[in-house]
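Undergrad: For reference, the structure I am asking about is given below.
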Amino acid sequence: DGFQGRVVPQLSLGWRYPFVRQDETLRTIVEPIASVVISPDLGDQSDFPNEDSQGVDLDTSNLFRFNRFTGLDRIEGGQRVNYGLNTSFTRLDTNARLDAFIGQSYRLQDQNAFPSGSGLVDEASNIVGKLTFSPHPWISTRYNFQLDNEDFSAQRSLAGISLGPQALRLGVSYAFFDRGTQQNLTQDIEQISSVLRVSLTPHWRVQVRDVRS
């Protein structure tokens, strides 16, 4: 019964500055990134039903977002500082490339609206990062991770490799989720998936996928 509403002003200041060095064979980029987000502290927001904001997965794609919740039922409030370091190394003669990023968020107050295991419950968030390495156009590897902010144990990990040209490409990936990152899990989740893509024409492609848990 009744009516509930929210007005949430937000102020964000962001800064990033790439340092670039290049010689005859190697280009190096080191880029620190930081942002400050200021908004009212909204508490646990229990006056509002939560149907589409229950799943929260902290990773490199949403570390600097205004709202790390999915959906519209929950809004991230409070004051926080986000920071990270982005690096890139490229061989100019072969186009081999290594990219790396690591980052974290620090909140000035507790945020009890986030579910347990999201990586955002404590004032200092879990550490997120990614590595990508491509020594050849036919070979690419990636590794995404979320580490506990106290003991650096892996909470979420995703590793994968892709082989072959675009016409015939095989990809294999491994995913790990600690049981504490999801509600009602009694054991860790490990999953191996593989996919074979065959491009028959510019407009037709065949894909075969296998997933094992």
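Residues are referred to by chain and number: the chain letter is A, B, ... according to the order shown in the structure tokens, the number counts from 1 in that chain, and ligands are numbered separately from 1 in the order shown.
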I'd like a table as JSON lines: residues in segment 70-148 of chain A with an atom no more than 10 Å from segment 19-33 of chain A, each row giving the shortest atom pair and its distance in Å to one decimal, only C-alpha atoms counted, sorted by chain and rising residue number.
TA:
{"residue": "A:Asn82", "atom": "CA", "partner": "A:Ile33", "partner_atom": "CA", "distance": 8.2}
{"residue": "A:Tyr83", "atom": "CA", "partner": "A:Ile33", "partner_atom": "CA", "distance": 5.6}
{"residue": "A:Gly84", "atom": "CA", "partner": "A:Ile33", "partner_atom": "CA", "distance": 5.2}
{"residue": "A:Leu85", "atom": "CA", "partner": "A:Pro32", "partner_atom": "CA", "distance": 4.5}
{"residue": "A:Asn86", "atom": "CA", "partner": "A:Glu31", "partner_atom": "CA", "distance": 5.0}
{"residue": "A:Thr87", "atom": "CA", "partner": "A:Val30", "partner_atom": "CA", "distance": 4.5}
{"residue": "A:Ser88", "atom": "CA", "partner": "A:Ile29", "partner_atom": "CA", "distance": 5.0}
{"residue": "A:Phe89", "atom": "CA", "partner": "A:Thr28", "partner_atom": "CA", "distance": 4.7}
{"residue": "A:Thr90", "atom": "CA", "partner": "A:Arg27", "partner_atom": "CA", "distance": 5.2}
{"residue": "A:Arg91", "atom": "CA", "partner": "A:Leu26", "partner_atom": "CA", "distance": 4.7}
{"residue": "A:Leu92", "atom": "CA", "partner": "A:Thr25", "partner_atom": "CA", "distance": 5.0}
{"residue": "A:Asp93", "atom": "CA", "partner": "A:Thr25", "partner_atom": "CA", "distance": 6.0}
{"residue": "A:Thr94", "atom": "CA", "partner": "A:Thr25", "partner_atom": "CA", "distance": 8.8}
{"residue": "A:Asn95", "atom": "CA", "partner": "A:Leu26", "partner_atom": "CA", "distance": 9.4}
{"residue": "A:Ala96", "atom": "CA", "partner": "A:Leu26", "partner_atom": "CA", "distance": 9.7}
{"residue": "A:Arg97", "atom": "CA", "partner": "A:Arg27", "partner_atom": "CA", "distance": 9.5}
{"residue": "A:Leu98", "atom": "CA", "partner": "A:Thr28", "partner_atom": "CA", "distance": 9.8}
{"residue": "A:Asp99", "atom": "CA", "partner": "A:Ile29", "partner_atom": "CA", "distance": 9.3}
{"residue": "A:Ala100", "atom": "CA", "partner": "A:Val30", "partner_atom": "CA", "distance": 9.7}
{"residue": "A:Phe101", "atom": "CA", "partner": "A:Glu31", "partner_atom": "CA", "distance": 9.4}
{"residue": "A:Ile102", "atom": "CA", "partner": "A:Pro32", "partner_atom": "CA", "distance": 10.0}
{"residue": "A:Gly103", "atom": "CA", "partner": "A:Ile33", "partner_atom": "CA", "distance": 8.8}
Undergrad: Can I get the selection written as an mmCIF file, in the first residue's frame, with N, CA, C and O atoms?
TA:
data_model
loop_
_atom_site.group_PDB
_atom_site.id
_atom_site.type_symbol
_atom_site.label_atom_id
_atom_site.label_comp_id
_atom_site.auth_asym_id
_atom_site.auth_seq_id
_atom_site.Cartn_x
_atom_site.Cartn_y
_atom_site.Cartn_z
ATOM 1 N N ASN A 82 36.907 5.044 -7.082
ATOM 2 C CA ASN A 82 37.288 3.913 -7.928
ATOM 3 C C ASN A 82 38.665 4.199 -8.528
ATOM 4 O O ASN A 82 38.950 5.339 -8.938
ATOM 5 N N TYR A 83 39.497 3.186 -8.605
ATOM 6 C CA TYR A 83 40.843 3.406 -9.132
ATOM 7 C C TYR A 83 41.348 2.129 -9.779
ATOM 8 O O TYR A 83 40.949 1.008 -9.431
ATOM 9 N N GLY A 84 42.210 2.300 -10.761
ATOM 10 C CA GLY A 84 42.765 1.157 -11.460
ATOM 11 C C GLY A 84 43.973 1.559 -12.282
ATOM 12 O O GLY A 84 44.300 2.743 -12.433
ATOM 13 N N LEU A 85 44.642 0.552 -12.836
ATOM 14 C CA LEU A 85 45.818 0.766 -13.664
ATOM 15 C C LEU A 85 45.686 -0.081 -14.918
ATOM 16 O O LEU A 85 45.487 -1.306 -14.840
ATOM 17 N N ASN A 86 45.751 0.566 -16.066
ATOM 18 C CA ASN A 86 45.631 -0.098 -17.358
ATOM 19 C C ASN A 86 46.983 -0.048 -18.058
ATOM 20 O O ASN A 86 47.628 1.010 -18.112
ATOM 21 N N THR A 87 47.431 -1.186 -18.589
ATOM 22 C CA THR A 87 48.719 -1.242 -19.283
ATOM 23 C C THR A 87 48.562 -1.995 -20.599
ATOM 24 O O THR A 87 47.688 -2.857 -20.742
ATOM 25 N N SER A 88 49.424 -1.646 -21.553
ATOM 26 C CA SER A 88 49.399 -2.293 -22.860
ATOM 27 C C SER A 88 50.817 -2.325 -23.418
ATOM 28 O O SER A 88 51.542 -1.331 -23.346
ATOM 29 N N PHE A 89 51.196 -3.485 -23.974
ATOM 30 C CA PHE A 89 52.507 -3.658 -24.601
ATOM 31 C C PHE A 89 52.286 -4.243 -25.994
ATOM 32 O O PHE A 89 51.660 -5.308 -26.129
ATOM 33 N N THR A 90 52.786 -3.575 -27.026
ATOM 34 C CA THR A 90 52.565 -3.997 -28.404
ATOM 35 C C THR A 90 53.894 -4.069 -29.139
ATOM 36 O O THR A 90 54.652 -3.076 -29.166
ATOM 37 N N ARG A 91 54.179 -5.235 -29.743
ATOM 38 C CA ARG A 91 55.338 -5.370 -30.618
ATOM 39 C C ARG A 91 54.964 -4.840 -31.993
ATOM 40 O O ARG A 91 54.045 -5.347 -32.634
ATOM 41 N N LEU A 92 55.658 -3.819 -32.447
ATOM 42 C CA LEU A 92 55.299 -3.167 -33.694
ATOM 43 C C LEU A 92 55.642 -4.002 -34.917
ATOM 44 O O LEU A 92 55.028 -3.846 -35.975
ATOM 45 N N ASP A 93 56.626 -4.894 -34.807
ATOM 46 C CA ASP A 93 57.017 -5.700 -35.966
ATOM 47 C C ASP A 93 56.099 -6.891 -36.187
ATOM 48 O O ASP A 93 55.897 -7.335 -37.315
ATOM 49 N N THR A 94 55.498 -7.434 -35.105
ATOM 50 C CA THR A 94 54.640 -8.616 -35.230
ATOM 51 C C THR A 94 53.189 -8.356 -34.834
ATOM 52 O O THR A 94 52.347 -9.236 -35.015
ATOM 53 N N ASN A 95 52.896 -7.195 -34.250
ATOM 54 C CA ASN A 95 51.558 -6.872 -33.727
ATOM 55 C C ASN A 95 51.149 -7.759 -32.558
ATOM 56 O O ASN A 95 49.964 -7.823 -32.215
ATOM 57 N N ALA A 96 52.092 -8.458 -31.954
ATOM 58 C CA ALA A 96 51.789 -9.192 -30.725
ATOM 59 C C ALA A 96 51.464 -8.187 -29.629
ATOM 60 O O ALA A 96 52.111 -7.136 -29.512
ATOM 61 N N ARG A 97 50.450 -8.512 -28.802
ATOM 62 C CA ARG A 97 49.967 -7.522 -27.840
ATOM 63 C C ARG A 97 49.613 -8.181 -26.518
ATOM 64 O O ARG A 97 49.016 -9.260 -26.486
ATOM 65 N N LEU A 98 49.976 -7.489 -25.432
ATOM 66 C CA LEU A 98 49.622 -7.897 -24.080
ATOM 67 C C LEU A 98 48.939 -6.722 -23.393
ATOM 68 O O LEU A 98 49.510 -5.629 -23.323
ATOM 69 N N ASP A 99 47.719 -6.925 -22.898
ATOM 70 C CA ASP A 99 46.969 -5.902 -22.179
ATOM 71 C C ASP A 99 46.671 -6.404 -20.772
ATOM 72 O O ASP A 99 46.368 -7.589 -20.579
ATOM 73 N N ALA A 100 46.720 -5.503 -19.802
ATOM 74 C CA ALA A 100 46.446 -5.873 -18.415
ATOM 75 C C ALA A 100 45.740 -4.721 -17.717
ATOM 76 O O ALA A 100 46.006 -3.545 -17.995
ATOM 77 N N PHE A 101 44.826 -5.080 -16.816
ATOM 78 C CA PHE A 101 44.134 -4.078 -16.004
ATOM 79 C C PHE A 101 43.883 -4.662 -14.625
ATOM 80 O O PHE A 101 43.571 -5.849 -14.477
ATOM 81 N N ILE A 102 44.016 -3.816 -13.598
ATOM 82 C CA ILE A 102 43.678 -4.202 -12.235
ATOM 83 C C ILE A 102 43.066 -2.985 -11.553
ATOM 84 O O ILE A 102 43.495 -1.841 -11.796
ATOM 85 N N GLY A 103 42.028 -3.214 -10.751
ATOM 86 C CA GLY A 103 41.356 -2.084 -10.129
ATOM 87 C C GLY A 103 40.559 -2.496 -8.904
ATOM 88 O O GLY A 103 40.360 -3.678 -8.615
#
Undergrad: Given the choices A:Gln182, A:Val195, A:Leu147, A:Glu190, which gets closest to Leu163 of chain A if the distance is worked out from only C-alpha atoms?
TA: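 That would be A:Val195, the residue with the smallest distance to Leu163 of chain A.
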Undergrad: Give me, as a compact mmCIF listing (two decimals) with N, CA and C atoms, in the first residue's frame, all polymer residues having an atom no more than 10 Å from Arg65 of chain A, counting only C-alpha atoms and skipping those fewer than 3 positions away in the same chain.
TA:
# COMPACT_ATOMS: atom_id res chain seq x y z
N SER A 12 29.94 12.88 -10.40
CA SER A 12 31.10 12.03 -10.67
C SER A 12 32.20 12.85 -11.32
N SER A 35 38.25 7.71 -10.35
CA SER A 35 37.00 8.48 -10.38
C SER A 35 36.45 8.58 -8.96
N VAL A 37 32.70 9.28 -7.01
CA VAL A 37 31.25 9.34 -7.18
C VAL A 37 30.63 9.76 -5.85
N THR A 60 35.62 -5.94 -14.39
CA THR A 60 36.27 -4.77 -14.98
C THR A 60 35.31 -3.94 -15.82
N SER A 61 34.21 -4.53 -16.28
CA SER A 61 33.29 -3.79 -17.14
C SER A 61 32.40 -2.82 -16.37
N ASN A 62 32.16 -3.07 -15.08
CA ASN A 62 31.26 -2.20 -14.32
C ASN A 62 31.93 -1.53 -13.12
N ARG A 68 26.35 -0.13 -9.98
CA ARG A 68 26.79 -1.50 -10.25
C ARG A 68 25.66 -2.51 -10.15
N PHE A 69 24.45 -2.09 -9.70
CA PHE A 69 23.31 -2.98 -9.71
C PHE A 69 22.81 -3.18 -11.14
N GLU A 76 22.73 2.30 -6.53
CA GLU A 76 23.90 2.40 -5.66
C GLU A 76 24.08 3.85 -5.20
N ASN A 82 36.91 5.04 -7.08
CA ASN A 82 37.29 3.91 -7.93
C ASN A 82 38.67 4.20 -8.53
Undergrad: Could you pull out all residues of segment 8-213 of chain A with a DSSP call of strand (DSSP E) and give them as a ChimeraX atom specification?
TA: /A:11-16,19-22,26-38,79-91,97-107,127-136,139-147,154-163,168-177,189-201,204-212
Undergrad: Just to be explicit: take each residue in the selection above, keep C-alpha atoms, and write the result as an mmCIF file, in the first residue's frame.
TA:
data_model
loop_
_atom_site.group_PDB
_atom_site.id
_atom_site.type_symbol
_atom_site.label_atom_id
_atom_site.label_comp_id
_atom_site.auth_asym_id
_atom_site.auth_seq_id
_atom_site.Cartn_x
_atom_site.Cartn_y
_atom_site.Cartn_z
ATOM 1 C CA LEU A 11 28.146 13.768 -9.064
ATOM 2 C CA SER A 12 31.098 12.030 -10.667
ATOM 3 C CA LEU A 13 34.600 13.249 -11.449
ATOM 4 C CA GLY A 14 36.865 11.042 -13.550
ATOM 5 C CA TRP A 15 40.543 11.216 -14.456
ATOM 6 C CA ARG A 16 42.815 9.117 -16.643
ATOM 7 C CA PHE A 19 51.889 7.531 -20.393
ATOM 8 C CA VAL A 20 53.198 6.306 -23.760
ATOM 9 C CA ARG A 21 56.666 5.184 -24.725
ATOM 10 C CA GLN A 22 57.602 3.886 -28.155
ATOM 11 C CA LEU A 26 57.778 -1.865 -28.728
ATOM 12 C CA ARG A 27 55.013 0.535 -27.736
ATOM 13 C CA THR A 28 54.222 0.705 -24.001
ATOM 14 C CA ILE A 29 51.180 2.402 -22.474
ATOM 15 C CA VAL A 30 50.695 2.815 -18.721
ATOM 16 C CA GLU A 31 47.413 4.503 -17.818
ATOM 17 C CA PRO A 32 46.246 5.223 -14.250
ATOM 18 C CA ILE A 33 42.473 5.716 -13.957
ATOM 19 C CA ALA A 34 40.479 7.154 -11.050
ATOM 20 C CA SER A 35 37.004 8.476 -10.382
ATOM 21 C CA VAL A 36 35.014 9.864 -7.461
ATOM 22 C CA VAL A 37 31.245 9.338 -7.183
ATOM 23 C CA ILE A 38 29.129 11.304 -4.692
ATOM 24 C CA GLN A 79 30.372 8.131 -1.748
ATOM 25 C CA ARG A 80 33.156 6.055 -3.258
ATOM 26 C CA VAL A 81 36.502 6.227 -5.013
ATOM 27 C CA ASN A 82 37.288 3.913 -7.928
ATOM 28 C CA TYR A 83 40.843 3.406 -9.132
ATOM 29 C CA GLY A 84 42.765 1.157 -11.460
ATOM 30 C CA LEU A 85 45.818 0.766 -13.664
ATOM 31 C CA ASN A 86 45.631 -0.098 -17.358
ATOM 32 C CA THR A 87 48.719 -1.242 -19.283
ATOM 33 C CA SER A 88 49.399 -2.293 -22.860
ATOM 34 C CA PHE A 89 52.507 -3.658 -24.601
ATOM 35 C CA THR A 90 52.565 -3.997 -28.404
ATOM 36 C CA ARG A 91 55.338 -5.370 -30.618
ATOM 37 C CA ARG A 97 49.967 -7.522 -27.840
ATOM 38 C CA LEU A 98 49.622 -7.897 -24.080
ATOM 39 C CA ASP A 99 46.969 -5.902 -22.179
ATOM 40 C CA ALA A 100 46.446 -5.873 -18.415
ATOM 41 C CA PHE A 101 44.134 -4.078 -16.004
ATOM 42 C CA ILE A 102 43.678 -4.202 -12.235
ATOM 43 C CA GLY A 103 41.356 -2.084 -10.129
ATOM 44 C CA GLN A 104 39.340 -1.694 -6.940
ATOM 45 C CA SER A 105 36.658 0.494 -5.379
ATOM 46 C CA TYR A 106 36.689 2.018 -1.899
ATOM 47 C CA ARG A 107 33.480 3.176 -0.252
ATOM 48 C CA ILE A 127 40.035 -6.677 -6.591
ATOM 49 C CA VAL A 128 39.143 -7.184 -10.248
ATOM 50 C CA GLY A 129 41.391 -7.472 -13.264
ATOM 51 C CA LYS A 130 41.943 -8.945 -16.678
ATOM 52 C CA LEU A 131 44.785 -10.104 -18.892
ATOM 53 C CA THR A 132 44.649 -10.540 -22.662
ATOM 54 C CA PHE A 133 47.502 -11.800 -24.813
ATOM 55 C CA SER A 134 47.559 -12.193 -28.572
ATOM 56 C CA PRO A 135 50.942 -13.307 -29.966
ATOM 57 C CA HIS A 136 49.454 -13.968 -33.441
ATOM 58 C CA ILE A 139 45.913 -17.031 -31.258
ATOM 59 C CA SER A 140 44.334 -15.037 -28.427
ATOM 60 C CA THR A 141 44.077 -15.715 -24.697
ATOM 61 C CA ARG A 142 42.224 -13.968 -21.883
ATOM 62 C CA TYR A 143 41.935 -14.194 -18.112
ATOM 63 C CA ASN A 144 39.410 -12.297 -15.979
ATOM 64 C CA PHE A 145 39.477 -12.511 -12.203
ATOM 65 C CA GLN A 146 37.988 -11.251 -8.961
ATOM 66 C CA LEU A 147 40.122 -11.659 -5.830
ATOM 67 C CA ALA A 154 40.031 -16.303 -6.228
ATOM 68 C CA GLN A 155 36.309 -15.571 -6.013
ATOM 69 C CA ARG A 156 35.590 -15.631 -9.741
ATOM 70 C CA SER A 157 37.891 -16.653 -12.584
ATOM 71 C CA LEU A 158 37.379 -16.958 -16.324
ATOM 72 C CA ALA A 159 40.176 -18.113 -18.628
ATOM 73 C CA GLY A 160 39.954 -18.814 -22.324
ATOM 74 C CA ILE A 161 41.905 -19.364 -25.529
ATOM 75 C CA SER A 162 40.877 -19.008 -29.176
ATOM 76 C CA LEU A 163 42.749 -20.672 -32.029
ATOM 77 C CA LEU A 168 37.533 -21.814 -38.698
ATOM 78 C CA ARG A 169 38.035 -20.891 -35.044
ATOM 79 C CA LEU A 170 38.075 -23.026 -31.903
ATOM 80 C CA GLY A 171 37.551 -21.533 -28.463
ATOM 81 C CA VAL A 172 37.965 -23.199 -25.066
ATOM 82 C CA SER A 173 37.176 -21.497 -21.746
ATOM 83 C CA TYR A 174 37.208 -22.353 -18.038
ATOM 84 C CA ALA A 175 35.027 -20.643 -15.428
ATOM 85 C CA PHE A 176 35.254 -20.830 -11.629
ATOM 86 C CA PHE A 177 32.857 -19.343 -9.067
ATOM 87 C CA ILE A 189 31.149 -24.076 -9.530
ATOM 88 C CA GLU A 190 33.625 -25.122 -12.226
ATOM 89 C CA GLN A 191 32.728 -25.197 -15.896
ATOM 90 C CA ILE A 192 34.573 -25.970 -19.128
ATOM 91 C CA SER A 193 33.054 -24.908 -22.420
ATOM 92 C CA SER A 194 34.244 -25.179 -26.000
ATOM 93 C CA VAL A 195 32.886 -23.768 -29.236
ATOM 94 C CA LEU A 196 33.789 -24.360 -32.874
ATOM 95 C CA ARG A 197 32.769 -21.670 -35.362
ATOM 96 C CA VAL A 198 32.825 -22.210 -39.116
ATOM 97 C CA SER A 199 32.148 -19.252 -41.409
ATOM 98 C CA LEU A 200 30.645 -20.673 -44.593
ATOM 99 C CA THR A 201 30.000 -17.329 -46.279
ATOM 100 C CA TRP A 204 26.265 -17.789 -42.884
ATOM 101 C CA ARG A 205 28.036 -19.324 -39.928
ATOM 102 C CA VAL A 206 27.787 -22.695 -38.195
ATOM 103 C CA GLN A 207 28.554 -23.013 -34.481
ATOM 104 C CA VAL A 208 28.886 -26.119 -32.308
ATOM 105 C CA ARG A 209 29.115 -25.678 -28.525
ATOM 106 C CA ASP A 210 29.784 -28.042 -25.628
ATOM 107 C CA VAL A 211 29.504 -27.135 -21.916
ATOM 108 C CA ARG A 212 30.523 -29.382 -19.029
#
Undergrad: Hey, can you check how far atom CA of Asp47 of chain A sits from atom CA of Asn112 of chain A?
TA: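 Distance between the two atoms: 13.6 Å.
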Undergrad: Which one is closest to Arg74 of chain A: A:Asn184, A:Ser46, A:Asn126, A:Ser213? Count only C-alpha atoms.
TA: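 Using only C-alpha atoms, the shortest distance to Arg74 of chain A belongs to A:Ser46.
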Undergrad: Measuring atom to atom with only C-alpha atoms, identify which of A:Thr70, A:Ser39, A:Gln166, A:Gln109 is nearest to Asp57 of chain A.
TA: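 Comparing A:Thr70, A:Ser39, A:Gln166, A:Gln109 against Asp57 of chain A, the winner is A:Thr70.
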Undergrad: Extract, using only C-alpha atoms, all DNA, RNA and protein residues at most 10 Å from Gly180 of chain A, discarding same-chain residues fewer than 2 positions from it, and format them as number ranges by chain.
TA: A: 116-119, 155, 177-178, 182-188
Undergrad: Quick one: pull the distance between atom CA of Pro115 of chain A and atom CA of Leu58 of chain A, Å, one decimal.
TA: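 Taking atom CA of Pro115 of chain A and atom CA of Leu58 of chain A, their separation equals 11.5 Å.
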